[in-house]
Number of protein chains: 2
Amino acid sequence: MYNIFSYRISGLQPSAIREILKFTADPSVISFAAGNPAPEAFPVETIRKLSDDILREEPVSALQYSVTEGYTPLRDWLKADMKEKGVFKQGRDELVITSGAQQAIEVITKILCNESETIICEKPSFVGALNSFRSYNAKLVGVDMDDEGIIPEKLDKALKDNPRTAFIYLIPNFQNPTGKTMSFERRKQILNIAAIHKVFILEDNPYGDLRFDGIDIPSLKALDKNSLVIYVGSFSKILAPGLRVGWLAAPEHIIQKSVVAMQVSTVHTNIWAQMIAYRFVTTVDFNEHLENLRYIYKKKYELMIGNLQFRFPNYITFTEPEGGLFIWGTLPKGSDMMKFCRTAVEHKVAIVPGSAFMPKESDVTTSFRLNYSTPTDLQIENGVEILAKVAKKLYYF
Amino acid sequence: MYNIFSYRISGLQPSAIREILKFTADPSVISFAAGNPAPEAFPVETIRKLSDDILREEPVSALQYSVTEGYTPLRDWLKADMKEKGVFKQGRDELVITSGAQQAIEVITKILCNESETIICEKPSFVGALNSFRSYNAKLVGVDMDDEGIIPEKLDKALKDNPRTAFIYLIPNFQNPTGKTMSFERRKQILNIAAIHKVFILEDNPYGDLRFDGIDIPSLKALDKNSLVIYVGSFSKILAPGLRVGWLAAPEHIIQKSVVAMQVSTVHTNIWAQMIAYRFVTTVDFNEHLENLRYIYKKKYELMIGNLQFRFPNYITFTEPEGGLFIWGTLPKGSDMMKFCRTAVEHKVAIVPGSAFMPKESDVTTSFRLNYSTPTDLQIENGVEILAKVAKKLYYF
């Protein structure tokens, strides 16, 4: 045994969030650390009824092997829905169902990125995606964001500095972890830069349907004229994450290779879950369901941001997202952010240190992530009060 | 865009079986080409009841994000069950639930095998595993089998010739595609060779519980004294493949890395499916269920082998497995096996050409794979009759 683990995986550590989440197993800890949808948003009764119908009407289809591409009625529905939004381009694009958006991200990395090639992402970015990239030994290059999203000049420079870039990974809507949304103008600028450098964009859009304020901005894929955008969607935040159903929409040759990669991994996504998703979007008023979700998240968001703004001094700042699940807090420059997070968890409130979302370990941040979708209203109020006390103790404001 | 696809994936083609399976979409084609369990073996009513109970009693657990390691009650049950069989070694091993056995195989490849390293396997072997190895640019080395399994001297030579071997992949019970079972003596010999070369064995055992003749032989993992065997199990053949639930049992440090790799891929396996599997093994008489499966498969096997032996001349040979799903037929040396398969499908019977299971494209074979679990009794009788006619036409016997 001349070695044990592959180079690609040997440096990969369990996500730092997991360390924090361990504390949240303690029921006395208020967790703002998760990224779970609100459990009260699950349409439990409907799912139970649909499940019973499926297992009565077509049990063998739900239990037998199925095709890697995914359950055809669900694929067709998604294609039609995305075509309506301008995202799916008939005759040019294809679509495959994945075992959650995370699998879509992993598969795209596997098929597009050789070891030691570069993946450019927002700094900070979603830790699950970053770890997926790391698991293929990709070189991660983070590019700073301003209030409109990733900064074009800096992205252009990163692409010039890294000619062997496999793709740019972006979360344009209510980004994880910052909650920021890329402006319409910025989207067009970014697409131009990608076209000049002829580089793919992996657009991750799990929160796009969870906009509770402002107006929708077309997705990068809808604005893309050069077949460079690969789009990832998910039922995790709009139906239920335990189902593990997401999708990948991209130019046909990308999907063909993705299907081959999935055939050798999960073979296909749990078919019962795909049938549930299909019957759900076609038999209930899906728009009404989404409206209900937005209402739940808007209320929770407003409660949290109101309490944060009331209790914290203005030198500790918070983003004000128009949708999604997260608020990004930032301590004054030079603060010991890790100490703040550790003290908070000692006082029974869990938040995620911003360092978890940094592409490089050496990237310094004084920020932290707060989630408002999982805690109850009372937990939001009490948790923010405790956090503010911790901040007061550390900063003497 | 200096390239599109990664080196690891660019050579990978969709499985050759898929090309054959395309014909089986035609309902007039009798398919002996699949590897699907018999649909009449699915405990539909029980699953429907369990599903309803789960969605009534613990809907949020079934729908919310869960842990990557898998549903704890199912993991604990599997550990206890495998401990009883001597496979799981408490205090040394760990176990993780996977989205089917195929994901377990892919994850082990990802964490153990660098690009261009060698994976040694039986020749022929399961095409899904071979393609998973290929998708990481592994060098495949196939080792011939005799009636007792992979040949020790040849395995030893292959290991000497390939010092950079990541692991040996073996299916000791009712191997796919040959139906062969490795003898007890042979298992001990193979373990000795692995120990001398200090190389891991990936033991894939999806069919072990489907023995309908002879007596069980302890698994390689049960006989392993050197913590070199990684064990893959599956609910696909003993419950339902649409669930996509399998598992991986191995020394603890292997499982830790596997969990990290799965965290960045599927996050976790569909949780409803894991709960169904758990309630199934604990609330029904699981042994009685397995007895019933064995009875179904034995009957189908005997019908097929009887018809094959009756209708074919003795210079076309067939293996006689004691379990599993497959029979391996072999035409006389020098035969045009591809022509036989093509002619068969023209006559509306689909079988899989043996070349699909060869580690190297240059490996020559005159064999083909027959499945008896999916077709009905009538299809078995008619299909074998047609196959024999095709053989007669080509061989003038």
# chains A, B, ... in the order shown; residues from 1 in each chain; ligands from 1
call {"tool": "interface_residues", "arguments": {"of": "chain B", "to": "chain A", "cutoff": "7 Å", "atoms": "only C-alpha atoms", "output": "NGL selection string"}}
result
:B and (1 or 4-7 or 9 or 14 or 36 or 39 or 44 or 48 or 52 or 55 or 59-60 or 62-66 or 99-100 or 102-103 or 106 or 111-114 or 128 or 131-132 or 197-199 or 240-244 or 260 or 264-267 or 270-271)
call {"tool": "residues_around", "arguments": {"residues": "range 81-95 of chain B", "least_positions_apart": "4", "cutoff": "6 Å", "atoms": "only C-alpha atoms", "output": "ChimeraX atom specification"}}
result
/B:221-222,248-252
call {"tool": "select_by_dssp", "arguments": {"residues": "range 81-291 of chain B", "states": "helix (DSSP H, G or I)", "output": "number ranges by chain"}}
result
B: 81-84, 101-112, 127-134, 152-161, 184-197, 220-223, 241-243, 252-263, 271-283, 286-291
call {"tool": "select_by_dssp", "arguments": {"residues": "range 212-350 of chain B", "states": "strand (DSSP E)", "output": "list in words"}}
result
Val229, Ile230, Tyr231, Val232, Gly233, Ser234, Gly246, Trp247, Leu248, Ala249, Ala250, Pro251, Thr317, Phe318, Phe326, Ile327, Trp328, Gly329, Thr330, Val349 and Ala350 of chain B
call {"tool": "write_last_selection", "arguments": {"atoms": "N, CA and C atoms", "output": "mmCIF file, in the first residue's frame"}}
result
data_model
loop_
_atom_site.group_PDB
_atom_site.id
_atom_site.type_symbol
_atom_site.label_atom_id
_atom_site.label_comp_id
_atom_site.auth_asym_id
_atom_site.auth_seq_id
_atom_site.Cartn_x
_atom_site.Cartn_y
_atom_site.Cartn_z
ATOM 1 N N VAL B 229 -10.291 -5.098 3.657
ATOM 2 C CA VAL B 229 -11.485 -5.282 2.834
ATOM 3 C C VAL B 229 -12.520 -4.190 3.113
ATOM 4 N N ILE B 230 -12.987 -3.606 2.042
ATOM 5 C CA ILE B 230 -14.037 -2.584 2.063
ATOM 6 C C ILE B 230 -15.267 -3.257 1.472
ATOM 7 N N TYR B 231 -16.387 -3.216 2.198
ATOM 8 C CA TYR B 231 -17.557 -4.014 1.836
ATOM 9 C C TYR B 231 -18.705 -3.125 1.353
ATOM 10 N N VAL B 232 -19.305 -3.502 0.238
ATOM 11 C CA VAL B 232 -20.440 -2.753 -0.313
ATOM 12 C C VAL B 232 -21.677 -3.645 -0.333
ATOM 13 N N GLY B 233 -22.754 -3.157 0.272
ATOM 14 C CA GLY B 233 -24.028 -3.879 0.268
ATOM 15 C C GLY B 233 -25.114 -3.021 -0.356
ATOM 16 N N SER B 234 -26.269 -3.617 -0.603
ATOM 17 C CA SER B 234 -27.330 -2.899 -1.317
ATOM 18 C C SER B 234 -28.708 -3.435 -0.987
ATOM 19 N N GLY B 246 -27.947 1.850 -0.499
ATOM 20 C CA GLY B 246 -26.901 0.857 -0.323
ATOM 21 C C GLY B 246 -26.076 1.241 0.886
ATOM 22 N N TRP B 247 -24.978 0.505 1.136
ATOM 23 C CA TRP B 247 -24.117 0.882 2.249
ATOM 24 C C TRP B 247 -22.685 0.440 2.012
ATOM 25 N N LEU B 248 -21.832 1.045 2.808
ATOM 26 C CA LEU B 248 -20.397 0.845 2.718
ATOM 27 C C LEU B 248 -19.928 0.574 4.136
ATOM 28 N N ALA B 249 -19.256 -0.576 4.351
ATOM 29 C CA ALA B 249 -18.705 -0.891 5.671
ATOM 30 C C ALA B 249 -17.214 -1.089 5.500
ATOM 31 N N ALA B 250 -16.428 -0.407 6.324
ATOM 32 C CA ALA B 250 -14.972 -0.435 6.133
ATOM 33 C C ALA B 250 -14.294 0.064 7.396
ATOM 34 N N PRO B 251 -12.962 -0.099 7.455
ATOM 35 C CA PRO B 251 -12.233 0.489 8.588
ATOM 36 C C PRO B 251 -12.587 1.972 8.728
ATOM 37 N N THR B 317 -21.840 -23.278 -24.022
ATOM 38 C CA THR B 317 -21.906 -23.605 -22.595
ATOM 39 C C THR B 317 -22.547 -22.480 -21.783
ATOM 40 N N PHE B 318 -23.078 -22.881 -20.627
ATOM 41 C CA PHE B 318 -23.715 -21.923 -19.719
ATOM 42 C C PHE B 318 -23.250 -22.182 -18.291
ATOM 43 N N PHE B 326 -27.871 -13.804 -12.905
ATOM 44 C CA PHE B 326 -27.305 -13.940 -14.245
ATOM 45 C C PHE B 326 -26.740 -15.318 -14.583
ATOM 46 N N ILE B 327 -26.894 -15.658 -15.869
ATOM 47 C CA ILE B 327 -26.222 -16.826 -16.457
ATOM 48 C C ILE B 327 -25.285 -16.293 -17.542
ATOM 49 N N TRP B 328 -24.121 -16.922 -17.664
ATOM 50 C CA TRP B 328 -23.094 -16.487 -18.616
ATOM 51 C C TRP B 328 -22.975 -17.567 -19.687
ATOM 52 N N GLY B 329 -23.328 -17.230 -20.911
ATOM 53 C CA GLY B 329 -23.246 -18.186 -22.006
ATOM 54 C C GLY B 329 -21.963 -17.975 -22.802
ATOM 55 N N THR B 330 -21.417 -19.057 -23.350
ATOM 56 C CA THR B 330 -20.181 -18.929 -24.121
ATOM 57 C C THR B 330 -20.280 -19.709 -25.427
ATOM 58 N N VAL B 349 -35.002 -10.813 -29.303
ATOM 59 C CA VAL B 349 -34.527 -11.211 -27.977
ATOM 60 C C VAL B 349 -33.245 -10.438 -27.678
ATOM 61 N N ALA B 350 -33.242 -9.705 -26.577
ATOM 62 C CA ALA B 350 -32.072 -8.884 -26.230
ATOM 63 C C ALA B 350 -31.218 -9.577 -25.175
#
call {"tool": "closest_residue", "arguments": {"among": "B:Leu74, B:Leu170, B:Ile276, B:Leu378", "to": "Ser125 in chain B", "atoms": "only C-alpha atoms"}}
result
B:Leu170
call {"tool": "atom_distance", "arguments": {"atom1": "CA of Gly354 in chain A", "atom2": "CA of Phe126 in chain A"}}
result
10.6 Å
call {"tool": "atom_distance", "arguments": {"atom1": "CA of Met337 in chain A", "atom2": "CA of Lys139 in chain A"}}
result
25.8 Å
call {"tool": "closest_residue", "arguments": {"among": "B:Ala391, B:Ala277, B:Leu325, B:Ile305", "to": "Tyr207 in chain B", "atoms": "only C-alpha atoms"}}
result
B:Leu325
